[in-house]
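Text of model-v6.cif (mmCIF, C-alpha atoms and all ligand atoms) as supplied:
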```cif
data_structure
loop_
_atom_site.label_atom_id
_atom_site.label_comp_id
_atom_site.auth_asym_id
_atom_site.auth_seq_id
_atom_site.Cartn_x
_atom_site.Cartn_y
_atom_site.Cartn_z
CA MET A 652 13.57 -27.56 9.70
CA SER A 653 16.46 -25.23 10.52
CA ARG A 654 18.59 -23.64 7.89
CA ALA A 655 21.59 -25.96 7.83
CA LEU A 656 24.10 -23.16 7.66
CA ASN A 657 22.43 -21.10 10.30
CA GLN A 658 23.09 -22.69 13.66
CA THR A 659 23.87 -19.26 14.86
CA THR A 660 24.00 -16.66 17.15
CA ARG A 661 22.89 -13.21 16.08
CA ALA A 662 20.10 -14.31 13.69
CA ALA A 663 18.77 -16.88 16.17
CA GLU A 664 18.84 -14.34 18.98
CA LEU A 665 17.12 -11.74 16.86
CA TYR A 666 14.50 -14.19 15.73
CA ALA A 667 13.74 -15.32 19.28
CA ARG A 668 13.34 -11.69 20.33
CA ALA A 669 11.31 -10.88 17.20
CA LEU A 670 8.93 -13.75 17.97
CA GLU A 671 8.23 -12.19 21.35
CA LEU A 672 7.66 -8.72 19.93
CA ILE A 673 6.24 -9.11 16.42
CA PRO A 674 3.56 -11.61 15.35
CA GLY A 675 5.42 -14.51 13.73
CA GLY A 676 8.62 -12.48 14.05
CA VAL A 677 8.13 -10.64 10.75
CA ASN A 678 6.30 -7.61 9.40
CA SER A 679 5.06 -9.28 6.21
CA PRO A 680 4.17 -13.01 6.12
CA VAL A 681 6.26 -14.22 3.17
CA ARG A 682 9.46 -13.11 4.95
CA ALA A 683 8.95 -15.98 7.38
CA MET A 684 10.04 -18.39 4.61
CA LYS A 685 7.64 -21.09 5.76
CA ALA A 686 6.68 -21.88 2.15
CA VAL A 687 10.19 -23.20 1.56
CA GLY A 688 10.44 -25.17 4.77
CA LEU A 689 12.55 -22.79 6.85
CA ASP A 690 11.72 -21.69 10.33
CA GLU A 691 13.79 -18.54 10.46
CA PRO A 692 13.72 -15.42 8.28
CA LEU A 693 16.79 -13.93 6.72
CA PHE A 694 17.93 -10.95 8.81
CA ALA A 695 19.52 -8.51 6.37
CA ARG A 696 22.16 -6.06 7.56
CA ARG A 697 23.14 -4.31 4.36
CA GLY A 698 23.05 -4.60 0.61
CA GLU A 699 25.21 -3.51 -2.27
CA GLY A 700 24.35 -3.92 -5.95
CA ALA A 701 23.08 -7.45 -6.50
CA TYR A 702 24.23 -8.65 -3.08
CA LEU A 703 22.72 -8.78 0.36
CA GLU A 704 24.58 -9.39 3.61
CA ASP A 705 22.89 -10.94 6.63
CA VAL A 706 23.56 -10.19 10.28
CA GLU A 707 26.15 -12.99 10.41
CA GLY A 708 28.10 -11.34 7.62
CA ARG A 709 27.10 -14.00 5.04
CA ARG A 710 26.70 -12.67 1.53
CA TYR A 711 23.92 -13.67 -0.83
CA LEU A 712 23.31 -12.96 -4.48
CA ASP A 713 19.85 -11.42 -4.19
CA TRP A 714 17.14 -12.16 -6.78
CA VAL A 715 14.35 -10.83 -4.57
CA LEU A 716 15.52 -7.21 -4.38
CA SER A 717 12.96 -6.22 -1.77
CA TRP A 718 10.29 -7.80 -4.01
CA GLY A 719 11.02 -5.66 -7.01
CA PRO A 720 11.67 -1.98 -6.33
CA LEU A 721 15.47 -2.01 -6.71
CA ILE A 722 16.01 -1.81 -10.46
CA PHE A 723 19.54 -0.41 -9.90
CA GLY A 724 20.30 -2.88 -7.08
CA HIS A 725 20.85 -2.28 -3.38
CA ALA A 726 22.24 0.97 -1.98
CA ASP A 727 22.44 2.53 -5.42
CA PRO A 728 24.77 5.51 -4.82
CA GLU A 729 22.73 8.04 -6.84
CA THR A 730 19.50 7.13 -5.07
CA ILE A 731 21.18 7.30 -1.67
CA GLU A 732 22.64 10.71 -2.44
CA ALA A 733 19.24 12.02 -3.55
CA VAL A 734 17.58 10.70 -0.39
CA VAL A 735 20.26 12.07 1.94
CA ALA A 736 20.10 15.48 0.27
CA ALA A 737 16.30 15.48 0.62
CA ALA A 738 16.48 14.38 4.28
CA ARG A 739 18.78 17.30 5.08
CA ARG A 740 16.04 19.65 3.86
CA GLY A 741 13.38 17.97 6.02
CA THR A 742 11.75 14.56 6.10
CA THR A 743 8.09 15.55 5.71
CA PHE A 744 6.14 18.78 5.40
CA GLY A 745 2.49 17.92 4.94
CA THR A 746 2.35 20.64 2.30
CA ALA A 747 2.77 20.51 -1.46
CA THR A 748 6.40 20.15 -2.62
CA GLU A 749 8.36 20.56 -5.83
CA GLY A 750 9.48 16.91 -5.80
CA GLU A 751 5.89 15.67 -6.02
CA VAL A 752 5.22 17.75 -9.10
CA GLU A 753 8.42 16.57 -10.75
CA LEU A 754 7.73 12.91 -9.98
CA ALA A 755 4.17 13.24 -11.26
CA GLY A 756 5.64 14.73 -14.45
CA GLU A 757 8.01 11.76 -14.87
CA ILE A 758 5.19 9.27 -14.37
CA VAL A 759 2.86 11.03 -16.82
CA ASP A 760 5.69 11.22 -19.34
CA ALA A 761 6.42 7.50 -19.01
CA VAL A 762 3.05 5.75 -18.64
CA PRO A 763 1.00 6.09 -21.83
CA SER A 764 -2.52 6.14 -20.35
CA VAL A 765 -1.76 8.41 -17.39
CA GLU A 766 -2.50 12.14 -17.60
CA GLN A 767 -2.84 12.78 -13.88
CA VAL A 768 -1.49 10.84 -10.93
CA ARG A 769 -2.04 10.76 -7.16
CA LEU A 770 0.92 9.73 -4.98
CA VAL A 771 0.35 7.45 -1.98
CA SER A 772 2.55 5.32 0.27
CA SER A 773 1.90 1.68 -0.65
CA GLY A 774 0.56 -0.43 -3.48
CA THR A 775 -2.27 -1.56 -1.22
CA GLU A 776 -3.36 2.02 -0.73
CA ALA A 777 -3.09 2.77 -4.44
CA ALA A 778 -5.20 -0.27 -5.41
CA MET A 779 -7.79 0.42 -2.74
CA SER A 780 -8.20 4.05 -3.83
CA THR A 781 -8.35 3.05 -7.50
CA LEU A 782 -11.23 0.68 -6.79
CA ARG A 783 -13.04 3.42 -4.86
CA LEU A 784 -12.62 5.80 -7.78
CA ALA A 785 -13.82 3.21 -10.31
CA ARG A 786 -16.90 2.53 -8.20
CA ALA A 787 -17.64 6.22 -7.76
CA VAL A 788 -17.27 6.98 -11.45
CA THR A 789 -19.40 4.09 -12.67
CA GLY A 790 -21.88 4.00 -9.79
CA ARG A 791 -21.39 0.21 -9.70
CA GLU A 792 -20.25 -1.97 -6.80
CA PRO A 793 -19.12 -5.39 -8.12
CA PHE A 794 -15.82 -5.78 -9.94
CA VAL A 795 -13.99 -8.53 -11.76
CA ARG A 796 -10.54 -9.74 -10.83
CA PHE A 797 -8.40 -12.80 -11.42
CA ALA A 798 -7.47 -15.72 -9.19
CA GLY A 799 -3.75 -15.51 -8.47
CA CYS A 800 -3.45 -11.76 -9.04
CA TYR A 801 -2.55 -9.78 -5.93
CA HIS A 802 -3.56 -6.17 -5.42
CA GLY A 803 -2.46 -5.63 -1.83
CA HIS A 804 -4.20 -6.54 1.38
CA ALA A 805 -7.37 -4.41 1.38
CA ASP A 806 -10.49 -6.52 1.98
CA PRO A 807 -12.03 -6.53 -1.52
CA PHE A 808 -8.89 -8.03 -3.06
CA LEU A 809 -8.06 -10.87 -0.75
CA SER A 810 -9.93 -14.02 -1.64
CA GLU A 811 -7.89 -16.26 -3.98
CA ALA A 812 -5.21 -13.62 -4.14
CA GLY A 813 -2.23 -15.93 -4.64
CA SER A 814 0.91 -15.78 -2.48
CA GLY A 815 -0.85 -18.11 0.01
CA VAL A 816 -2.94 -15.41 1.68
CA ALA A 817 -5.58 -16.37 4.24
CA THR A 818 -9.01 -14.74 4.31
CA LEU A 819 -10.07 -14.87 7.95
CA GLY A 820 -11.41 -11.55 9.24
CA ILE A 821 -12.12 -10.21 5.78
CA ARG A 822 -15.52 -8.66 5.33
CA PRO A 823 -17.54 -11.21 3.35
CA SER A 824 -19.11 -9.86 0.21
CA GLY A 825 -19.99 -10.93 -3.26
CA GLU A 826 -18.48 -7.78 -4.71
CA GLY A 827 -15.30 -9.30 -6.14
CA ARG A 828 -16.08 -11.68 -8.98
CA VAL A 829 -12.97 -13.84 -9.19
CA VAL A 830 -12.26 -15.59 -12.50
CA PRO A 831 -9.30 -17.60 -13.85
CA TYR A 832 -6.45 -15.60 -15.41
CA ASN A 833 -6.33 -15.74 -19.21
CA ASP A 834 -9.96 -16.92 -19.34
CA LEU A 835 -11.98 -14.52 -21.47
CA GLU A 836 -15.18 -16.53 -21.41
CA ALA A 837 -15.22 -16.31 -17.63
CA VAL A 838 -14.74 -12.53 -17.83
CA GLU A 839 -17.53 -12.25 -20.35
CA ALA A 840 -19.83 -14.17 -18.02
CA GLU A 841 -19.06 -11.91 -15.04
CA ILE A 842 -18.51 -8.43 -16.46
CA ASP A 843 -22.11 -7.29 -16.69
CA GLY A 844 -22.73 -4.50 -14.16
CA ALA A 845 -19.10 -4.47 -12.97
CA ALA A 846 -17.41 -1.19 -12.04
CA CYS A 847 -14.06 -2.39 -13.34
CA VAL A 848 -11.82 -5.26 -14.29
CA PHE A 849 -8.70 -5.31 -12.13
CA VAL A 850 -5.77 -7.19 -13.64
CA GLU A 851 -2.01 -7.61 -13.33
CA PRO A 852 -1.22 -7.25 -17.06
CA VAL A 853 1.62 -9.71 -16.50
CA ALA A 854 0.80 -11.71 -13.39
CA GLY A 855 3.65 -11.77 -10.90
CA ASN A 856 1.97 -13.07 -7.78
CA MET A 857 1.37 -16.68 -8.83
CA GLY A 858 4.83 -16.71 -10.31
CA VAL A 859 5.24 -14.95 -13.65
CA VAL A 860 2.29 -15.70 -15.91
CA PRO A 861 2.19 -13.69 -19.15
CA PRO A 862 -1.11 -12.66 -20.69
CA ALA A 863 -2.13 -15.02 -23.51
CA ASP A 864 -2.04 -13.51 -27.00
CA GLY A 865 -4.93 -11.08 -27.34
CA PHE A 866 -5.98 -11.37 -23.68
CA LEU A 867 -5.36 -7.74 -22.75
CA GLU A 868 -6.84 -6.48 -26.02
CA SER A 869 -9.98 -8.52 -25.39
CA LEU A 870 -10.26 -7.21 -21.84
CA ARG A 871 -10.13 -3.71 -23.30
CA ARG A 872 -12.93 -4.57 -25.72
CA LEU A 873 -15.10 -6.27 -23.08
CA CYS A 874 -14.71 -3.26 -20.78
CA ASP A 875 -15.65 -0.85 -23.55
CA GLU A 876 -18.73 -2.89 -24.39
CA SER A 877 -19.91 -3.19 -20.79
CA GLY A 878 -18.98 0.23 -19.45
CA ALA A 879 -16.56 -1.25 -16.89
CA LEU A 880 -13.23 0.53 -16.41
CA LEU A 881 -10.08 -1.43 -17.19
CA VAL A 882 -7.53 -1.21 -14.37
CA PHE A 883 -3.95 -2.39 -14.84
CA ASP A 884 -2.20 -3.09 -11.57
CA GLU A 885 1.36 -2.30 -12.67
CA VAL A 886 2.87 -2.30 -9.18
CA ILE A 887 5.35 -4.95 -10.39
CA THR A 888 5.34 -4.37 -14.15
CA GLY A 889 5.52 -0.56 -14.06
CA PHE A 890 9.00 0.63 -15.10
CA ARG A 891 10.07 -3.05 -15.16
CA VAL A 892 8.79 -4.69 -18.35
CA ALA A 893 9.20 -1.33 -20.15
CA ARG A 894 9.52 2.26 -18.96
CA GLY A 895 5.80 2.69 -19.59
CA GLY A 896 5.02 -0.71 -18.04
CA ALA A 897 2.99 -3.53 -19.58
CA GLN A 898 0.66 -1.04 -21.27
CA GLU A 899 3.59 0.20 -23.34
CA ARG A 900 4.97 -3.28 -23.96
CA PHE A 901 1.64 -4.79 -25.08
CA GLY A 902 0.12 -1.62 -26.56
CA VAL A 903 -3.14 -1.82 -24.61
CA LEU A 904 -4.23 1.21 -22.62
CA PRO A 905 -6.19 0.83 -19.39
CA ASP A 906 -8.45 3.50 -17.90
CA LEU A 907 -6.65 3.48 -14.56
CA THR A 908 -3.16 2.32 -13.58
CA VAL A 909 -1.82 1.29 -10.18
CA LEU A 910 1.91 1.79 -9.61
CA GLY A 911 4.29 0.93 -6.77
CA LYS A 912 7.72 -0.60 -6.13
CA ILE A 913 10.15 0.93 -8.72
CA VAL A 914 8.25 4.24 -8.81
CA GLY A 915 9.40 4.91 -5.23
CA GLY A 916 13.03 3.96 -5.83
CA GLY A 917 13.01 1.63 -2.79
CA LEU A 918 11.20 4.00 -0.42
CA PRO A 919 7.53 3.75 0.57
CA LEU A 920 5.77 5.37 -2.36
CA ALA A 921 3.10 4.21 -4.78
CA ALA A 922 0.70 5.95 -7.15
CA PHE A 923 -2.40 5.60 -9.24
CA GLY A 924 -3.37 7.51 -12.32
CA GLY A 925 -5.48 7.81 -15.44
CA SER A 926 -7.13 10.39 -17.64
CA THR A 927 -7.60 13.90 -16.24
CA GLN A 928 -11.34 13.41 -16.54
CA LEU A 929 -11.30 10.36 -14.24
CA MET A 930 -8.63 11.58 -11.84
CA GLU A 931 -10.29 14.95 -11.32
CA ARG A 932 -13.09 13.12 -9.54
CA LEU A 933 -10.67 12.84 -6.58
CA ALA A 934 -10.80 15.32 -3.70
CA PRO A 935 -10.13 18.19 -3.58
CA ALA A 936 -10.83 18.61 -7.31
CA GLY A 937 -13.81 16.28 -7.07
CA ASP A 938 -16.03 14.37 -4.69
CA VAL A 939 -14.19 11.05 -4.17
CA TYR A 940 -12.22 11.17 -0.93
CA GLN A 941 -8.59 10.09 -0.81
CA ALA A 942 -5.80 11.41 1.45
CA GLY A 943 -2.53 10.60 3.28
CA THR A 944 -0.30 12.28 5.91
CA LEU A 945 2.90 11.06 4.28
CA SER A 946 1.67 10.95 0.67
CA GLY A 947 4.29 12.36 -1.71
CA ASN A 948 6.89 12.16 1.05
CA PRO A 949 9.98 14.19 0.04
CA LEU A 950 12.49 11.38 0.69
CA ALA A 951 10.43 8.96 -1.37
CA THR A 952 9.84 11.39 -4.22
CA ALA A 953 13.58 12.14 -4.32
CA ALA A 954 14.37 8.42 -4.55
CA GLY A 955 11.70 7.85 -7.21
CA LEU A 956 12.88 10.79 -9.29
CA SER A 957 16.49 9.71 -9.10
CA VAL A 958 15.55 6.28 -10.45
CA LEU A 959 12.94 7.22 -13.04
CA ARG A 960 15.15 9.85 -14.65
CA ARG A 961 17.76 7.20 -15.44
CA LEU A 962 15.38 4.71 -17.06
CA THR A 963 16.50 5.15 -20.66
CA PRO A 964 15.76 2.85 -23.61
CA GLU A 965 19.32 1.47 -23.15
CA VAL A 966 18.37 0.30 -19.65
CA TYR A 967 15.51 -1.78 -21.06
CA GLY A 968 17.66 -3.12 -23.89
CA GLU A 969 20.18 -4.28 -21.31
CA LEU A 970 17.55 -5.80 -19.00
CA GLU A 971 16.01 -7.66 -21.94
CA GLN A 972 19.37 -9.14 -22.92
CA ARG A 973 20.15 -10.24 -19.41
CA GLY A 974 16.62 -11.59 -18.99
CA ALA A 975 17.03 -13.69 -22.13
CA ARG A 976 20.38 -15.03 -20.88
CA LEU A 977 18.79 -16.01 -17.56
CA GLU A 978 15.78 -17.59 -19.25
CA GLU A 979 17.84 -19.66 -21.69
CA GLY A 980 20.29 -20.66 -18.99
CA LEU A 981 17.61 -21.83 -16.60
CA ARG A 982 15.73 -23.65 -19.34
CA ASP A 983 18.82 -25.72 -20.17
CA ALA A 984 19.75 -26.15 -16.52
CA ALA A 985 16.37 -27.44 -15.37
CA PRO A 986 14.73 -29.80 -17.86
CA GLY A 987 11.21 -30.72 -16.76
CA TRP A 988 10.82 -27.34 -15.08
CA CYS A 989 9.35 -24.35 -16.83
CA VAL A 990 10.77 -20.83 -17.08
CA GLN A 991 8.32 -18.00 -17.73
CA ARG A 992 9.68 -14.51 -18.27
CA VAL A 993 8.57 -11.09 -19.42
CA GLY A 994 11.39 -8.56 -19.51
CA ALA A 995 13.13 -8.31 -16.14
CA MET A 996 10.80 -10.66 -14.24
CA ALA A 997 10.88 -14.45 -14.40
CA THR A 998 9.81 -17.58 -12.53
CA LEU A 999 11.23 -21.09 -12.57
CA PHE A 1000 8.24 -23.35 -11.89
CA ALA A 1001 8.64 -26.96 -10.72
CA HIS A 1002 6.09 -27.82 -13.41
CA PRO A 1003 6.50 -28.86 -17.05
CA GLY A 1004 4.47 -25.83 -18.11
CA PRO A 1005 2.98 -23.82 -19.54
CA VAL A 1006 1.56 -22.10 -16.45
CA ARG A 1007 -1.44 -20.04 -17.61
CA ASN A 1008 -3.39 -19.51 -14.41
CA LEU A 1009 -3.49 -20.18 -10.68
CA ASP A 1010 -4.60 -23.81 -11.07
CA ASP A 1011 -1.56 -24.53 -13.26
CA ALA A 1012 0.70 -22.68 -10.81
CA ARG A 1013 -0.68 -24.67 -7.90
CA ALA A 1014 0.11 -27.88 -9.76
CA SER A 1015 3.83 -27.14 -9.49
CA SER A 1016 5.72 -28.91 -6.77
CA SER A 1017 6.31 -26.74 -3.72
CA GLU A 1018 8.48 -29.49 -2.26
CA ARG A 1019 10.88 -29.48 -5.21
CA TYR A 1020 10.91 -25.70 -5.23
CA GLY A 1021 11.62 -25.66 -1.49
CA GLU A 1022 14.54 -28.05 -1.98
CA LEU A 1023 15.92 -25.86 -4.75
CA PHE A 1024 15.49 -22.73 -2.62
CA ARG A 1025 17.37 -24.25 0.33
CA GLY A 1026 20.11 -25.57 -1.92
CA LEU A 1027 20.58 -22.17 -3.52
CA LEU A 1028 20.56 -20.39 -0.17
CA GLY A 1029 23.25 -22.77 1.03
CA ARG A 1030 25.33 -21.69 -2.00
CA GLY A 1031 24.78 -18.02 -1.22
CA ILE A 1032 21.97 -17.38 -3.72
CA TYR A 1033 18.70 -15.95 -2.41
CA VAL A 1034 15.67 -16.44 -4.68
CA ALA A 1035 12.03 -15.83 -3.78
CA PRO A 1036 11.09 -17.95 -0.77
CA SER A 1037 7.91 -19.06 -2.55
CA GLN A 1038 7.20 -20.58 -5.92
CA PHE A 1039 4.44 -18.02 -6.48
CA GLU A 1040 6.78 -15.05 -6.82
CA ALA A 1041 9.25 -13.72 -9.37
CA LEU A 1042 12.99 -13.47 -9.81
CA PHE A 1043 13.74 -9.77 -10.27
CA LEU A 1044 16.59 -8.70 -12.52
CA SER A 1045 18.35 -5.42 -11.91
CA LEU A 1046 21.11 -3.56 -13.68
CA ALA A 1047 23.40 -4.81 -10.93
CA HIS A 1048 22.89 -8.43 -12.07
CA ALA A 1049 25.58 -8.89 -14.68
CA ASP A 1050 26.35 -11.98 -16.77
CA GLY A 1051 28.53 -13.37 -13.98
CA GLU A 1052 25.66 -13.34 -11.49
CA ILE A 1053 23.32 -14.91 -14.05
CA ASP A 1054 25.78 -17.65 -14.97
CA MET A 1055 26.54 -18.42 -11.32
CA THR A 1056 22.82 -18.86 -10.64
CA VAL A 1057 22.26 -21.02 -13.70
CA ALA A 1058 25.22 -23.27 -12.75
CA ALA A 1059 23.91 -23.68 -9.21
CA VAL A 1060 20.41 -24.55 -10.46
CA ALA A 1061 21.90 -27.10 -12.89
CA GLU A 1062 23.78 -28.77 -10.04
CA LEU A 1063 20.79 -28.81 -7.73
CA VAL A 1064 18.11 -30.12 -10.08
CA ALA A 1065 20.35 -32.64 -11.86
C1 LIG B 1 0.72 -6.35 -8.29
C2 LIG B 1 0.73 -5.84 -6.88
N1 LIG B 1 -0.21 -4.97 -6.50
C3 LIG B 1 -0.24 -4.44 -5.27
C4 LIG B 1 0.70 -4.82 -4.33
C5 LIG B 1 0.65 -4.23 -2.94
O1 LIG B 1 1.71 -3.36 -2.75
P1 LIG B 1 2.24 -3.03 -1.27
O2 LIG B 1 2.90 -4.29 -0.78
O3 LIG B 1 3.16 -1.88 -1.49
O4 LIG B 1 1.05 -2.66 -0.44
C6 LIG B 1 1.69 -5.73 -4.67
C7 LIG B 1 2.71 -6.13 -3.70
O5 LIG B 1 3.55 -6.96 -3.92
C8 LIG B 1 1.71 -6.25 -5.98
O6 LIG B 1 2.63 -7.14 -6.38
#
```
As C-alpha cells - that is how I would like this structure written.
Amino acid sequence: MSRALNQTTRAAELYARALELIPGGVNSPVRAMKAVGLDEPLFARRGEGAYLEDVEGRRYLDWVLSWGPLIFGHADPETIEAVVAAARRGTTFGTATEGEVELAGEIVDAVPSVEQVRLVSSGTEAAMSTLRLARAVTGREPFVRFAGCYHGHADPFLSEAGSGVATLGIRPSGEGRVVPYNDLEAVEAEIDGAACVFVEPVAGNMGVVPPADGFLESLRRLCDESGALLVFDEVITGFRVARGGAQERFGVLPDLTVLGKIVGGGLPLAAFGGSTQLMERLAPAGDVYQAGTLSGNPLATAAGLSVLRRLTPEVYGELEQRGARLEEGLRDAAPGWCVQRVGAMATLFAHPGPVRNLDDARASSSERYGELFRGLLGRGIYVAPSQFEALFLSLAHADGEIDMTVAAVAELVA
C-alpha cells in the first residue's frame, strides 16, 4: 500500500534509486516501515526541535527522534555549535583526546555503578564487548537474556530479540539462554553457570515494558548467588529515565552497563562501563581485547558532552511532567488500548494490557497499530513505525505537541 499523501516525486525517485543501490532501500530495516503497511520510507531533509521535514517539504511532529538520542530535539543549537567547533579542529585523530576524558568523567559522575568507561561507536559494539568482558571475567560461556530485549545485532543477541528481527545466517549456539521478561522463575532455572544476565532494565524494544516490582532487585540477588554478572543495557534508558538511567531510578546497581543513544548527543557514540576492577581487564590495561579506529571520535564526544552537561534535575522534572501529560492524554483518548510509560519513554499498545513480556506484546494488534500510524502520518505526526518501539519525549515536545498528538489519536481510534 502506498502512503496516500505521497504520490510524489522526489521521495519516489529517491526510493527507486535507493532500491537499486541499497538492500531494501534503507540502511536499517525498521526504516522501511513495512510493519505499518507502507512501502516507502520517510526521506528526511532536516529537523528542528520536535519537527522533521521530509524531502517534499512536509513537516511532521516527530516522536521517533532518531530512535531516542535527541533529548533536546533535532538540530539543537548548542549541540550543533559544539560539533562544528570540534570539526574545525579536526574530525578524527586516532590518539587520545581531552574530549574523551571529559565525557568519561560526565558518564562516571552520572551513572551510579560506573567507575570506568570505554567509548565505542554503536550500541551493538558496546553490548558485544560487554559480553566478551563478562565471559572473560567469569570464565563462563552461556548467558541469560530476555525475549523481546534487543542488544544490537551481534550474533549472540539475535534470537527472539524483538523488533521483528530474523535469525538467518546467525551462528547457531546454545550460549544465549532466552527467558521471558519479568519471569524470575525462568531466570532461576537458567542462571546456573551463566557468565551474566543481560537485561534492558526497562524494556524498550517490545514496546515499553517496565520491570515488575522487585524484578531488578531479584535479578541482582540471583546474580550474586550464582556468580553471574548483572548487565544493564541502558542504551535507551541511560540519561532518559533519569540522568543515571534505570539504575538510578530503580536503585539497583548492575556490574556492567551498556550505554548509547543520548550519550552521543545524536552522533555515533556508545559506551560500556563498570567497576575499575572489571573494566581494567580490558586492553591495554588488561588481557581482554577491545578496540576501534573511530572510538571516542572528537565530534561525537563534543556532542555528547554538550548534551550531558545540560541534563540537570530540572530537565528530568520537566520530562516527567510532560510524560505524565502524554500518558494520561493517551489513556483517555484510546480506551481499550494500553499506555505503558517510564519517564520520557512510552508505548501505546493496541492491547488492553498490561503488557509484561514479549508474548503479551505480540498479542497486540499490528493491524490496528498500522492503521493508527498511517492516520497519524497523514495528519503530520510521525510515531514509531512499529508497535514494538517507544515514543520518545524530548524537551522540544511541549504541551502543545502532546495535546495535538492526543487529539489526533482520539479522533483516529474513536
Ligand atoms: C537497548 C538497546 N541496546 C542496544 C542497541 C543497539 O544500538 P545500535 O543501534 O547503536 O547498535 C539498541 C538499539 O536500538 C537498543 O535499543
* **Selection as a list in words: residues within 12 Å of (6.6, -32.0, -6.5), counting only C-alpha atoms** =>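 Protein and nucleic acid residues near the point are Gly987, Trp988, Phe1000, Ala1001, His1002, Pro1003, Ala1012, Arg1013, Ala1014, Ser1015, Ser1016, Ser1017, Glu1018, Arg1019, Tyr1020, Gly1021, Glu1022, Leu1023 and Gln1038 of chain A.
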What does the file look like for those residues with C-alpha atoms, as a compact mmCIF listing (two decimals), in the coordinates of the input?
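File written: result_1.txt
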```txt
# COMPACT_ATOMS: atom_id res chain seq x y z
CA GLY A 987 11.21 -30.72 -16.76
CA TRP A 988 10.82 -27.34 -15.08
CA PHE A 1000 8.24 -23.35 -11.89
CA ALA A 1001 8.64 -26.96 -10.72
CA HIS A 1002 6.09 -27.82 -13.41
CA PRO A 1003 6.50 -28.86 -17.05
CA ALA A 1012 0.70 -22.68 -10.81
CA ARG A 1013 -0.68 -24.67 -7.90
CA ALA A 1014 0.11 -27.88 -9.76
CA SER A 1015 3.83 -27.14 -9.49
CA SER A 1016 5.72 -28.91 -6.77
CA SER A 1017 6.31 -26.74 -3.72
CA GLU A 1018 8.48 -29.49 -2.26
CA ARG A 1019 10.88 -29.48 -5.21
CA TYR A 1020 10.91 -25.70 -5.23
CA GLY A 1021 11.62 -25.66 -1.49
CA GLU A 1022 14.54 -28.05 -1.98
CA LEU A 1023 15.92 -25.86 -4.75
CA GLN A 1038 7.20 -20.58 -5.92
```
* To do: Identify the residues around (2.9, -2.9, -14.7) within a radius of 9 Å, measuring from all atoms listed in the file in the coordinates stated by the file, and give them as a ChimeraX atom specification.
  => /A:851-853,883-893,895-898,908-911
* **Pick from A:Ala1059, A:Leu835, A:Ala863, A:Val765, whichever lies nearest to Val1034 (chain A) using all atoms listed in the file** => A:Ala1059
* To do: Measuring atom to atom with all atoms listed in the file, identify which of A:Ala798, A:Leu880, A:Val829, A:Met779 is nearest to ligand LIG 1 (chain B).
  =>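 Going through A:Ala798, A:Leu880, A:Val829, A:Met779 one by one, the smallest distance to ligand LIG 1 (chain B) is for A:Met779.
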* To do: Check every protein, DNA and RNA residue against ligand LIG 1 (chain B), keep those with an atom at most 7 Å away (counting all atoms listed in the file), and present them as a ChimeraX atom specification.
  => /A:718,773-776,778,800-804,851,855-856,884-887,911-912,921
* Please indicate the distance in Å from CA of Asp1054 (chain A) to CA of Leu981 (chain A), rounded to one decimal place. =>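 It comes out at 9.3 Å.
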* Residue nearest Arg786 (chain A) - candidates A:Val848, A:Ala936, A:Ala669, A:Val677, atoms counted: all atoms listed in the file -> A:Val848
* **Residues within 12 Å of Asp843 (chain A), all atoms listed in the file, excluding chain neighbours under 6 positions, as a ChimeraX atom specification** => /A:791-795,828,837,873-880
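Of the listed residues A:Ile731, A:Leu929, A:Leu977, A:Ile758, the one whose atoms come nearest to Thr789 (chain A) is A:Leu929, with distances taken using only C-alpha atoms.
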* Top pick for closest residue to Ala805 (chain A), considering A:Ile821, A:Ala761, A:Ala785, A:Ala1041 and counting only C-alpha atoms ->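 So, comparing all the options, the nearest one is A:Ile821.
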Give me, as a tab-separated table, each residue of region 932-1025 of chain A that comes within 7 Å of region 746-750 of chain A, together with its shortest interatomic pair and the distance in Å at one decimal, counting only C-alpha atoms, with rows ordered by chain and rising residue number.
```
residue	atom	partner	partner_atom	distance
A:Pro949	CA	A:Gly750	CA	6.5
A:Thr952	CA	A:Gly750	CA	5.8
A:Ala953	CA	A:Gly750	CA	6.5
```
How about saving the chosen residues, C-alpha atoms kept, as a tab-separated table (two decimals), in the coordinates of the input?
```
chain	number	residue	atom	x	y	z
A	949	PRO	CA	9.98	14.19	0.04
A	952	THR	CA	9.84	11.39	-4.22
A	953	ALA	CA	13.58	12.14	-4.32
```
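Among the candidate residues A:Ile1032, A:Ala701, A:Ala733, A:Val788, the one lying nearest to Ala1058 (chain A) is A:Ile1032, with distances computed using all atoms listed in the file.
When CA of Asn948 (chain A) is paired with CA of Ala736 (chain A), their separation reads 13.6 Å.
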* Could you give me, as a list in words, the residues within 7 Å of Glu691 (chain A), counting all atoms listed in the file and dropping anything in the same chain fewer than 3 positions from it? =>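 Here the qualifying residues turn out to be Tyr666, Ala683 and Met684 of chain A.
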Mind dumping the selected residues with C-alpha atoms as a PDB file, in the frame of the given file?
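Wrote again14.pdb, looks like this:
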```pdb
ATOM      1  CA  TYR A 666      14.500 -14.190  15.730  1.00  0.00           C
ATOM      2  CA  ALA A 683       8.950 -15.980   7.380  1.00  0.00           C
ATOM      3  CA  MET A 684      10.040 -18.390   4.610  1.00  0.00           C
TER       4      MET A 684
END
```
* One-decimal distance in Å that lies between CA of Val914 (chain A) and CA of Arg769 (chain A) ->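 Pair CA of Arg769 (chain A) / CA of Val914 (chain A) returns 12.3 Å.
The residue set within 9 Å of Glu1052 (chain A), counting only C-alpha atoms and dropping same-chain residues fewer than 5 places from it, reads Ala701, Leu712, Ala1047 and Val1057 of chain A.
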* To do: Would you kindly return, as an MDAnalysis selection string, each protein, DNA or RNA residue with an atom no farther than 7 Å from any atom of Ser957 (chain A), considering only C-alpha atoms and excluding same-chain residues fewer than 2 positions away?
  => chainID A and resid 729:730 733 953:955 959:961
* **Shell of 9 Å around Ala1065 (chain A), only C-alpha atoms, local chain residues under 5 positions omitted, as a list of chain:residue names** => A:Ala984, A:Ala985, A:Pro986, A:Val1060
